[in-house]
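**Student:** If you scroll down you'll find the structure; I have some questions about it.
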Amino acid sequence: LKPLGRKRQRKVRVSAPHSNIPAMQIVAPARFLDGVVFAIFLMIVSGFGLFLFGEFHKMVCITEAKNLGMVATVMDKIFPFPNKKWAFNLTHILLFAILIAVMSMAHHPAQEIIKKQVEKDIKEKEKGKASKSD
């Protein structure tokens, strides 16, 4: 005897038909090397950016402080370092790299405007072709 009210559940196939590869993976092994290369590049850009800002800080607060006057004072108040020496370490580089990565993922509004314009142009071309063929 079968219990009443219970239906036999079907197994739902997650992968594509006739495929042994799952449809969605958390990590794509083929893209791992791309991620490593991007991470190294991002660390180099981050470290170089902090180095350049350090040179700018040194120029404003030490080298050209007398010529810049109030600007040098304001910059020294905004970034107070011991002995006016810019210092950063690996933690700063990692945090700046994460900031760069997050900011680079932002979607600029101009991209949406360009996309809408292109879609509008395509629709106009399709309407023009449809009206010419009639």
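Naming works like this for the structure tokens: A, B, ... for the chains as they're shown, residue 1 at the start of each chain, ligands 1 onward in shown order.
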Just the residues within 9 Å of Ile62 (chain A), please, counting only C-alpha atoms, with nothing from its chain fewer than 4 positions along; format it as a VMD selection string.

**Tutor:** chain A and resid 57 to 58 66 72 84 to 85

**Student:** Rank nothing, just name the residue among A:Gly128, A:Glu119, A:Pro109, A:Ala101 nearest to Leu42 (chain A), using only C-alpha atoms.

**Tutor:**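 Of all the options, A:Ala101 lies closest to Leu42 (chain A).
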
**Student:** Which residues are near region 51-56 of chain A? Cut-off 7 Å, only C-alpha atoms, ignore same chain within fewer than 4 positions. Put them as number ranges by chain.

**Tutor:** A: 47, 60, 86

**Student:** Of the candidates A:Gln25, A:Phe96, A:Ala87, A:Lys77, which one gets nearest to Gly49 (chain A) if we count only C-alpha atoms?

**Tutor:** A:Phe96

**Student:** I need the residues in chain A that are alpha helix (DSSP H) according to DSSP; give them as number ranges by chain.

**Tutor:** A: 32-58, 65-68, 70-78, 90-104, 109-133

**Student:** Do you know which residues are at most 9 Å from region 92-95 of chain A counting only C-alpha atoms, after dropping those on the same chain fewer than 4 positions away, and could you put them as a PDB file with N, CA, C and O atoms, in the first residue's frame?

**Tutor:**
```
ATOM      1  N   MET A  43      47.664  44.999  -7.382  1.00  0.00           N
ATOM      2  CA  MET A  43      48.584  45.312  -6.275  1.00  0.00           C
ATOM      3  C   MET A  43      49.690  46.257  -6.739  1.00  0.00           C
ATOM      4  O   MET A  43      50.058  47.186  -6.020  1.00  0.00           O
ATOM      5  N   ILE A  44      50.194  46.042  -7.945  1.00  0.00           N
ATOM      6  CA  ILE A  44      51.238  46.927  -8.473  1.00  0.00           C
ATOM      7  C   ILE A  44      50.679  48.330  -8.679  1.00  0.00           C
ATOM      8  O   ILE A  44      51.319  49.323  -8.300  1.00  0.00           O
ATOM      9  N   SER A  46      48.123  49.677  -7.164  1.00  0.00           N
ATOM     10  CA  SER A  46      47.831  50.233  -5.846  1.00  0.00           C
ATOM     11  C   SER A  46      49.101  50.741  -5.173  1.00  0.00           C
ATOM     12  O   SER A  46      49.135  51.865  -4.652  1.00  0.00           O
ATOM     13  N   GLY A  47      50.146  49.938  -5.172  1.00  0.00           N
ATOM     14  CA  GLY A  47      51.413  50.355  -4.557  1.00  0.00           C
ATOM     15  C   GLY A  47      52.013  51.558  -5.258  1.00  0.00           C
ATOM     16  O   GLY A  47      52.511  52.495  -4.615  1.00  0.00           O
ATOM     17  N   LEU A  50      50.006  54.694  -4.318  1.00  0.00           N
ATOM     18  CA  LEU A  50      50.364  55.188  -2.981  1.00  0.00           C
ATOM     19  C   LEU A  50      51.756  55.823  -2.981  1.00  0.00           C
ATOM     20  O   LEU A  50      51.982  56.829  -2.308  1.00  0.00           O
ATOM     21  N   PHE A  88      53.511  53.990   4.222  1.00  0.00           N
ATOM     22  CA  PHE A  88      52.459  53.012   3.947  1.00  0.00           C
ATOM     23  C   PHE A  88      53.083  51.630   3.942  1.00  0.00           C
ATOM     24  O   PHE A  88      54.286  51.469   3.760  1.00  0.00           O
ATOM     25  N   LEU A  99      39.745  48.970  -2.707  1.00  0.00           N
ATOM     26  CA  LEU A  99      38.991  50.179  -3.055  1.00  0.00           C
ATOM     27  C   LEU A  99      38.966  50.385  -4.567  1.00  0.00           C
ATOM     28  O   LEU A  99      37.918  50.686  -5.137  1.00  0.00           O
ATOM     29  N   ILE A 100      40.105  50.212  -5.217  1.00  0.00           N
ATOM     30  CA  ILE A 100      40.169  50.359  -6.674  1.00  0.00           C
ATOM     31  C   ILE A 100      39.263  49.333  -7.350  1.00  0.00           C
ATOM     32  O   ILE A 100      38.517  49.654  -8.285  1.00  0.00           O
TER      33      ILE A 100
END
```
